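So this block is entry29.json, JSON, C-alpha atoms and all ligand atoms:
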[["chain", "number", "residue", "atom", "x", "y", "z"],
["T", 255, "MET", "CA", 1.33, -10.00, 2.25],
["T", 256, "LYS", "CA", 4.04, -10.26, 4.83],
["T", 257, "ASP", "CA", 6.58, -7.50, 4.89],
["T", 258, "GLY", "CA", 7.84, -8.97, 8.13],
["T", 259, "ALA", "CA", 6.73, -11.58, 10.62],
["T", 260, "ARG", "CA", 3.27, -11.63, 12.12],
["T", 261, "SER", "CA", 2.31, -11.75, 15.75],
["T", 262, "SER", "CA", -0.89, -12.22, 17.71],
["T", 263, "LEU", "CA", -3.69, -9.70, 17.32],
["T", 264, "PRO", "CA", -4.44, -7.29, 20.13],
["T", 265, "GLN", "CA", -7.86, -6.32, 21.39],
["T", 266, "TYR", "CA", -9.79, -3.41, 19.94],
["T", 267, "LEU", "CA", -11.56, -0.74, 21.85],
["T", 268, "HIS", "CA", -14.64, 1.22, 20.94],
["T", 269, "THR", "CA", -14.41, 4.95, 21.47],
["T", 270, "SER", "CA", -17.06, 7.62, 21.28],
["T", 271, "PHE", "CA", -17.45, 10.05, 18.41],
["T", 272, "SER", "CA", -16.16, 13.57, 18.31],
["T", 273, "ALA", "CA", -18.04, 15.76, 15.83],
["T", 274, "ALA", "CA", -15.03, 18.04, 15.55],
["T", 275, "ASP", "CA", -13.14, 15.28, 13.79],
["T", 276, "THR", "CA", -15.66, 14.76, 10.99],
["T", 277, "PHE", "CA", -14.66, 15.40, 7.38],
["T", 278, "SER", "CA", -15.48, 14.01, 3.95],
["T", 279, "ASP", "CA", -13.68, 12.69, 0.91],
["T", 280, "ASP", "CA", -14.09, 13.37, -2.81],
["T", 281, "ARG", "CA", -16.86, 10.79, -3.09],
["T", 282, "GLY", "CA", -18.86, 12.75, -0.54],
["T", 283, "GLN", "CA", -18.68, 9.99, 2.03],
["T", 284, "ALA", "CA", -18.73, 11.29, 5.53],
["T", 285, "PHE", "CA", -15.88, 10.30, 7.77],
["T", 286, "ALA", "CA", -15.58, 10.73, 11.44],
["T", 287, "VAL", "CA", -12.27, 10.34, 13.14],
["T", 288, "VAL", "CA", -12.89, 9.21, 16.63],
["T", 289, "ALA", "CA", -10.64, 10.74, 19.21],
["T", 290, "ALA", "CA", -8.07, 8.43, 20.67],
["T", 291, "ARG", "CA", -8.72, 7.42, 24.23],
["T", 292, "ALA", "CA", -6.97, 5.25, 26.76],
["T", 293, "ALA", "CA", -9.09, 2.71, 28.58],
["T", 294, "PHE", "CA", -8.57, -0.34, 30.77],
["T", 295, "GLY", "CA", -4.88, 0.38, 30.90],
["T", 296, "LEU", "CA", -4.52, -0.18, 27.18],
["T", 297, "ALA", "CA", -2.99, 2.34, 24.83],
["T", 298, "PRO", "CA", -5.17, 4.74, 22.82],
["T", 299, "THR", "CA", -7.32, 3.33, 20.06],
["T", 300, "ALA", "CA", -9.18, 5.28, 17.44],
["T", 301, "ARG", "CA", -11.96, 4.26, 15.13],
["T", 302, "PHE", "CA", -12.35, 5.80, 11.70],
["T", 303, "PHE", "CA", -15.87, 5.62, 10.42],
["T", 304, "THR", "CA", -16.43, 5.83, 6.68],
["T", 305, "GLY", "CA", -20.06, 4.89, 6.32],
["T", 306, "ALA", "CA", -19.51, 1.65, 4.41],
["T", 307, "THR", "CA", -16.09, 1.15, 5.94],
["T", 308, "ASP", "CA", -14.77, 1.18, 9.46],
["T", 309, "LEU", "CA", -11.14, 1.96, 10.03],
["T", 310, "TRP", "CA", -9.88, 0.79, 13.37],
["T", 311, "LEU", "CA", -6.65, 1.85, 14.89],
["T", 312, "GLY", "CA", -5.46, -0.33, 17.71],
["T", 313, "SER", "CA", -2.28, -0.12, 19.68],
["T", 314, "THR", "CA", -1.87, -2.24, 22.77],
["T", 315, "ASP", "CA", 1.80, -1.88, 23.55],
["T", 316, "ALA", "CA", 3.06, 1.33, 21.93],
["T", 317, "PRO", "CA", 1.39, 4.24, 23.78],
["T", 318, "ASP", "CA", 4.32, 6.49, 22.82],
["T", 319, "LEU", "CA", 3.23, 6.13, 19.18],
["T", 320, "ALA", "CA", -0.38, 7.24, 19.67],
["T", 321, "ASP", "CA", 0.15, 10.45, 17.66],
["T", 322, "TRP", "CA", 1.92, 8.60, 14.87],
["T", 323, "GLY", "CA", -0.90, 6.06, 14.89],
["T", 324, "LYS", "CA", -3.49, 8.79, 14.55],
["T", 325, "THR", "CA", -1.62, 10.18, 11.54],
["T", 326, "ALA", "CA", -1.45, 6.68, 10.04],
["T", 327, "GLY", "CA", -5.19, 6.26, 10.64],
["T", 328, "GLU", "CA", -5.97, 9.57, 8.97],
["T", 329, "LEU", "CA", -3.82, 8.53, 6.03],
["T", 330, "CYS", "CA", -5.98, 5.40, 5.74],
["T", 331, "VAL", "CA", -9.21, 7.38, 5.93],
["T", 332, "GLU", "CA", -8.02, 9.58, 3.07],
["T", 333, "TRP", "CA", -6.36, 6.91, 0.96],
["T", 334, "TYR", "CA", -8.54, 3.81, 1.40],
["T", 335, "PRO", "CA", -11.24, 5.15, -0.97],
["T", 336, "LYS", "CA", -8.60, 6.55, -3.35],
["T", 337, "ILE", "CA", -6.76, 3.23, -3.65],
["T", 338, "ILE", "CA", -10.07, 1.40, -4.05],
["T", 339, "LYS", "CA", -10.75, 3.68, -7.02],
["T", 340, "LEU", "CA", -7.27, 3.20, -8.47],
["T", 341, "LEU", "CA", -7.59, -0.60, -8.17],
["T", 342, "ASP", "CA", -11.26, -0.94, -8.95],
["T", 343, "SER", "CA", -12.60, -4.00, -10.74],
["T", 344, "ASP", "CA", -16.01, -5.39, -11.69],
["T", 345, "GLY", "CA", -18.04, -6.39, -8.68],
["T", 346, "PHE", "CA", -15.25, -5.67, -6.23],
["T", 347, "LYS", "CA", -16.40, -5.32, -2.63],
["T", 348, "PRO", "CA", -13.65, -3.93, -0.43],
["T", 349, "TYR", "CA", -13.27, -4.97, 3.18],
["T", 350, "ARG", "CA", -15.67, -3.06, 5.39],
["T", 351, "ALA", "CA", -13.04, -2.65, 8.04],
["T", 352, "VAL", "CA", -9.38, -1.77, 8.06],
["T", 353, "LYS", "CA", -7.54, -2.53, 11.28],
["T", 354, "ILE", "CA", -4.15, -1.17, 12.23],
["T", 355, "ASN", "CA", -2.13, -2.58, 15.09],
["T", 356, "ILE", "CA", 1.10, -0.98, 16.19],
["T", 357, "GLY", "CA", 3.09, -3.14, 18.53],
["T", 358, "LYS", "CA", 5.65, -5.89, 18.89],
["T", 359, "HIS", "CA", 5.65, -7.37, 15.44],
["T", 360, "GLY", "CA", 8.62, -8.60, 13.42],
["T", 361, "GLY", "CA", 10.05, -6.97, 10.31],
["T", 362, "ILE", "CA", 8.51, -3.67, 9.21],
["T", 363, "ALA", "CA", 4.86, -4.54, 8.80],
["T", 364, "ALA", "CA", 2.59, -7.35, 7.66],
["T", 365, "THR", "CA", -0.90, -7.30, 6.25],
["T", 366, "GLY", "CA", -3.36, -10.17, 6.21],
["T", 367, "GLY", "CA", -6.95, -9.64, 5.08],
["T", 368, "ASP", "CA", -8.18, -6.37, 6.59],
["T", 369, "THR", "CA", -5.51, -6.19, 9.28],
["T", 370, "ILE", "CA", -2.23, -4.28, 9.14],
["T", 371, "ASN", "CA", 0.33, -5.11, 11.83],
["T", 372, "ILE", "CA", 3.09, -2.54, 12.15],
["T", 373, "ASN", "CA", 6.31, -3.05, 14.11],
["T", 374, "ALA", "CA", 6.50, -0.31, 16.77],
["T", 375, "ASP", "CA", 10.28, -0.44, 16.92],
["T", 376, "TYR", "CA", 10.50, 0.18, 13.18],
["T", 377, "VAL", "CA", 8.21, 3.21, 13.50],
["T", 378, "ARG", "CA", 10.27, 4.63, 16.39],
["T", 379, "ASN", "CA", 13.30, 4.65, 14.09],
["T", 380, "HIS", "CA", 11.46, 5.69, 10.88],
["T", 381, "LYS", "CA", 8.76, 8.14, 11.90],
["T", 382, "ASP", "CA", 8.71, 9.73, 8.41],
["T", 383, "ASP", "CA", 7.94, 6.47, 6.64],
["T", 384, "LEU", "CA", 4.22, 6.93, 6.12],
["T", 385, "GLY", "CA", 4.61, 5.57, 2.59],
["T", 386, "MET", "CA", 4.93, 2.19, 4.27],
["T", 387, "VAL", "CA", 1.36, 2.60, 5.53],
["T", 388, "ALA", "CA", 0.17, 3.38, 1.97],
["T", 389, "HIS", "CA", 1.95, 0.19, 0.82],
["T", 390, "GLU", "CA", 0.27, -1.96, 3.48],
["T", 391, "LEU", "CA", -3.11, -0.33, 2.89],
["T", 392, "THR", "CA", -2.76, -1.31, -0.78],
["T", 393, "HIS", "CA", -2.48, -4.96, 0.32],
["T", 394, "VAL", "CA", -5.84, -4.57, 2.09],
["T", 395, "VAL", "CA", -7.35, -3.21, -1.15],
["T", 396, "GLN", "CA", -5.73, -5.90, -3.32],
["T", 397, "ALA", "CA", -7.74, -8.48, -1.37],
["T", 398, "TYR", "CA", -6.35, -11.38, -3.39],
["T", 399, "HIS", "CA", -7.81, -14.68, -2.32],
["T", 400, "THR", "CA", -5.90, -16.97, -4.66],
["T", 401, "ARG", "CA", -2.42, -18.33, -4.21],
["T", 402, "GLY", "CA", -1.25, -18.24, -7.82],
["T", 403, "ASN", "CA", -0.34, -14.55, -7.97],
["T", 404, "PRO", "CA", 3.38, -13.84, -8.28],
["T", 405, "GLY", "CA", 4.80, -12.21, -5.14],
["T", 406, "TRP", "CA", 6.96, -9.78, -7.12],
["T", 407, "LEU", "CA", 3.87, -8.31, -8.78],
["T", 408, "VAL", "CA", 1.83, -8.20, -5.56],
["T", 409, "GLU", "CA", 4.62, -6.21, -3.88],
["T", 410, "GLY", "CA", 5.32, -4.21, -7.04],
["T", 411, "ILE", "CA", 1.71, -3.01, -7.22],
["T", 412, "ALA", "CA", 1.75, -2.05, -3.52],
["T", 413, "ASP", "CA", 4.86, 0.05, -4.09],
["T", 414, "TYR", "CA", 3.45, 1.42, -7.37],
["T", 415, "ILE", "CA", 0.49, 2.87, -5.44],
["T", 416, "ARG", "CA", 2.92, 4.22, -2.88],
["T", 417, "LEU", "CA", 5.42, 5.74, -5.32],
["T", 418, "SER", "CA", 3.32, 6.79, -8.28],
["T", 419, "HIS", "CA", 0.26, 8.01, -6.38],
["T", 420, "TYR", "CA", 0.90, 8.52, -2.66],
["T", 421, "GLU", "CA", 4.38, 10.05, -2.77],
["T", 422, "PRO", "CA", 5.17, 10.83, -6.43],
["T", 423, "LYS", "CA", 7.78, 13.42, -5.48],
["T", 424, "ALA", "CA", 9.73, 11.26, -3.06],
["T", 425, "ARG", "CA", 13.31, 10.42, -3.92],
["T", 426, "ARG", "CA", 13.54, 7.16, -5.81],
["T", 427, "PRO", "CA", 16.16, 4.47, -5.73],
["T", 428, "ARG", "CA", 18.52, 4.25, -8.68],
["T", 429, "ILE", "CA", 17.89, 1.07, -10.65],
["T", 430, "ASP", "CA", 20.95, -0.63, -12.11],
["T", 431, "PRO", "CA", 19.81, -1.76, -15.58],
["T", 432, "ASP", "CA", 22.51, -4.43, -15.71],
["T", 433, "ARG", "CA", 21.62, -6.11, -12.42],
["T", 434, "ALA", "CA", 17.95, -5.42, -11.78],
["T", 435, "LYS", "CA", 15.03, -7.55, -12.98],
["T", 436, "TYR", "CA", 11.33, -6.85, -13.14],
["T", 437, "THR", "CA", 10.86, -9.69, -10.63],
["T", 438, "ASP", "CA", 12.88, -7.80, -8.00],
["T", 439, "ALA", "CA", 9.51, -6.67, -6.54],
["T", 440, "TYR", "CA", 8.92, -3.50, -4.50],
["T", 441, "LYS", "CA", 10.28, -0.25, -5.93],
["T", 442, "THR", "CA", 12.02, -1.73, -8.96],
["T", 443, "THR", "CA", 8.83, -3.42, -10.14],
["T", 444, "ALA", "CA", 6.80, -0.33, -9.20],
["T", 445, "ILE", "CA", 8.92, 2.02, -11.32],
["T", 446, "PHE", "CA", 8.86, -0.50, -14.18],
["T", 447, "LEU", "CA", 5.04, -0.69, -14.00],
["T", 448, "GLU", "CA", 4.77, 3.10, -13.96],
["T", 449, "TRP", "CA", 7.03, 3.37, -17.01],
["T", 450, "SER", "CA", 5.04, 0.65, -18.85],
["T", 451, "GLU", "CA", 1.78, 2.47, -18.09],
["T", 452, "LYS", "CA", 3.06, 5.79, -19.33],
["T", 453, "LYS", "CA", 4.44, 4.27, -22.50],
["T", 454, "TYR", "CA", 1.83, 1.67, -23.46],
["T", 455, "ASP", "CA", -1.34, 1.40, -21.38],
["T", 456, "LYS", "CA", -2.46, 3.78, -18.66],
["T", 457, "GLU", "CA", -4.79, 1.13, -17.20],
["T", 458, "LEU", "CA", -2.13, -1.58, -17.04],
["T", 459, "VAL", "CA", -1.92, -1.87, -13.24],
["T", 460, "LYS", "CA", -5.67, -1.68, -12.76],
["T", 461, "GLN", "CA", -6.13, -4.50, -15.29],
["T", 462, "LEU", "CA", -3.36, -6.68, -13.86],
["T", 463, "ASN", "CA", -4.85, -6.16, -10.40],
["T", 464, "ALA", "CA", -8.32, -7.12, -11.64],
["T", 465, "ALA", "CA", -6.93, -10.36, -13.10],
["T", 466, "MET", "CA", -5.07, -11.16, -9.87],
["T", 467, "ARG", "CA", -8.19, -10.55, -7.84],
["T", 468, "LYS", "CA", -10.13, -13.01, -10.01],
["T", 469, "GLY", "CA", -7.31, -15.55, -9.93],
["T", 470, "ASP", "CA", -6.86, -15.18, -13.72],
["T", 471, "TYR", "CA", -3.39, -13.67, -13.79],
["T", 472, "LYS", "CA", -0.95, -14.95, -16.37],
["T", 473, "GLU", "CA", 2.20, -13.40, -17.80],
["T", 474, "GLU", "CA", 0.65, -13.15, -21.29],
["T", 475, "LEU", "CA", -1.58, -10.35, -19.98],
["T", 476, "PHE", "CA", 1.36, -7.95, -20.35],
["T", 477, "LYS", "CA", 1.38, -8.71, -24.08],
["T", 478, "GLN", "CA", -2.40, -8.47, -24.30],
["T", 479, "TYR", "CA", -2.49, -5.01, -22.69],
["T", 480, "THR", "CA", 0.71, -3.43, -23.99],
["T", 481, "GLY", "CA", 1.48, -5.36, -27.18],
["T", 482, "LYS", "CA", 4.84, -6.39, -25.68],
["T", 483, "THR", "CA", 5.86, -9.34, -23.57],
["T", 484, "VAL", "CA", 7.02, -8.52, -20.05],
["T", 485, "ASP", "CA", 10.60, -9.38, -21.10],
["T", 486, "GLU", "CA", 10.39, -7.04, -24.09],
["T", 487, "LEU", "CA", 9.03, -4.29, -21.84],
["T", 488, "TRP", "CA", 11.80, -4.79, -19.33],
["T", 489, "LYS", "CA", 14.49, -4.67, -22.02],
["T", 490, "GLU", "CA", 13.11, -1.38, -23.31],
["T", 491, "PHE", "CA", 12.83, -0.01, -19.79],
["T", 492, "ALA", "CA", 16.41, -1.02, -18.95],
["T", 493, "ASP", "CA", 17.64, 0.55, -22.21],
["T", 494, "SER", "CA", 15.84, 3.78, -21.31],
["T", 495, "LEU", "CA", 17.65, 3.81, -17.96],
["T", 496, "ARG", "CA", 20.97, 3.43, -19.77],
["T", 497, "SER", "CA", 20.27, 6.27, -22.16],
["T", 498, "ASN", "CA", 19.04, 8.52, -19.31],
["T", 499, "LYS", "CA", 22.36, 8.21, -17.52],
["T", 500, "ARG", "CA", 24.10, 11.53, -17.25],
["T", 501, "PRO", "CA", 27.37, 11.59, -19.16],
["T", 502, "VAL", "CA", 30.31, 10.99, -16.85],
["T", 503, "LYS", "CA", 32.54, 13.98, -16.57],
["T", 504, "SER", "CA", 36.06, 13.13, -17.58],
["T", 505, "SER", "CA", 38.93, 14.60, -15.66],
["E", 601, "ZN", "ZN", 4.08, -5.61, 0.94]]
Translate this file's structure into structure tokens.
Amino acid sequence: MKDGARSSLPQYLHTSFSAADTFSDDRGQAFAVVAARAAFGLAPTARFFTGATDLWLGSTDAPDLADWGKTAGELCVEWYPKIIKLLDSDGFKPYRAVKINIGKHGGIAATGGDTININADYVRNHKDDLGMVAHELTHVVQAYHTRGNPGWLVEGIADYIRLSHYEPKARRPRIDPDRAKYTDAYKTTAIFLEWSEKKYDKELVKQLNAAMRKGDYKEELFKQYTGKTVDELWKEFADSLRSNKRPVKSS
């Protein structure tokens, strides 16, 4: 999904392995983080090897962000298998490669297929925003190939992975129950999904994702999984926000 405009893809570079950078994840897969290296006048590129999956980090016009890029790549090495597990579905075969480009792209970032394009200027001004990488990486895992999936839910699930799993302790936006809607996408939808899971079905997001991957998504699935329509869920969620409001101190 686009979280900004897309631009042309840069070239990738192969680099050699460094045994010192090898580690493994909780599935016992061996990973090797290949040291970044400049070549042919291009900025450093690293390759993250995960056995079944290659993670490529490319950066053709942001050499100043090589360290940030390495951190983003390591995040992907750690979180790609975790998100695959969180959004697993029958017969799902994740992309074998994840590619990250940091350069002159519009908006914040955009992901298409296995490729994440990140706007270098955005990173320069928001170096702490690694949650954005978790969001984009979720789009790679979603791997939806049909057009019928609602954009608010696609973006809501990406931010749900980010907020509920990657950075559960991060400060969250306040949702105005009188103005917000579940179709607002991003964090509003993410927090609504998390609440719905906790209250009614802890597999809700995994199941919605599975339907979207198959091209079978329909709104009635909320009722099927939780016993409530999405509108009923939202009304309850909004009411819970109202009752959680701290009493206003009168002066
Ligand atoms: Zn997105």
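In this structure, atom CA of Leu458 of chain T sits 7.7 Å away from atom CA of Thr480 of chain T.
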Practice task
Give me the residues within 7 Å of segment 462-476 of chain T as a PyMOL selection string, counting all atoms listed in the file and dropping any in the same chain fewer than 5 places off.
Solution key: chain T and resi 341+343+396-400+402-403+482-484
Completion exercise
From the list T:Lys347, T:His380, T:Lys441, T:Lys358, the nearest residue to ligand ZN 601 (chain E) using all atoms listed in the file is T:Lys441
Exercise for the section: List all protein, DNA and RNA residues that have any atom at most 12 Å from ligand ZN 601 (chain E), counting all atoms listed in the file, and write the list as number ranges by chain. Expected result: T: 255-259, 361-366, 370-372, 385-396, 405-416, 439-441, 444
Exercise for the section: Provide the atom CA of Glu332 of chain T to atom CA of Ser450 of chain T distance in Å, to one decimal place. Expected result: 27.0 Å
Practice task
Pick out the residues sitting within 9 Å of Ala326 of chain T, and hand them over as a list in words; count only C-alpha atoms, and ignore anything fewer than 5 positions along from it in its own chain.
Solution key: Leu311, Asp321, Val331, Ile354, Leu384, Val387 and Ala388 of chain T
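Of note, atom CA of Asp493 of chain T and atom CA of Asp432 of chain T are spaced 9.5 Å apart.
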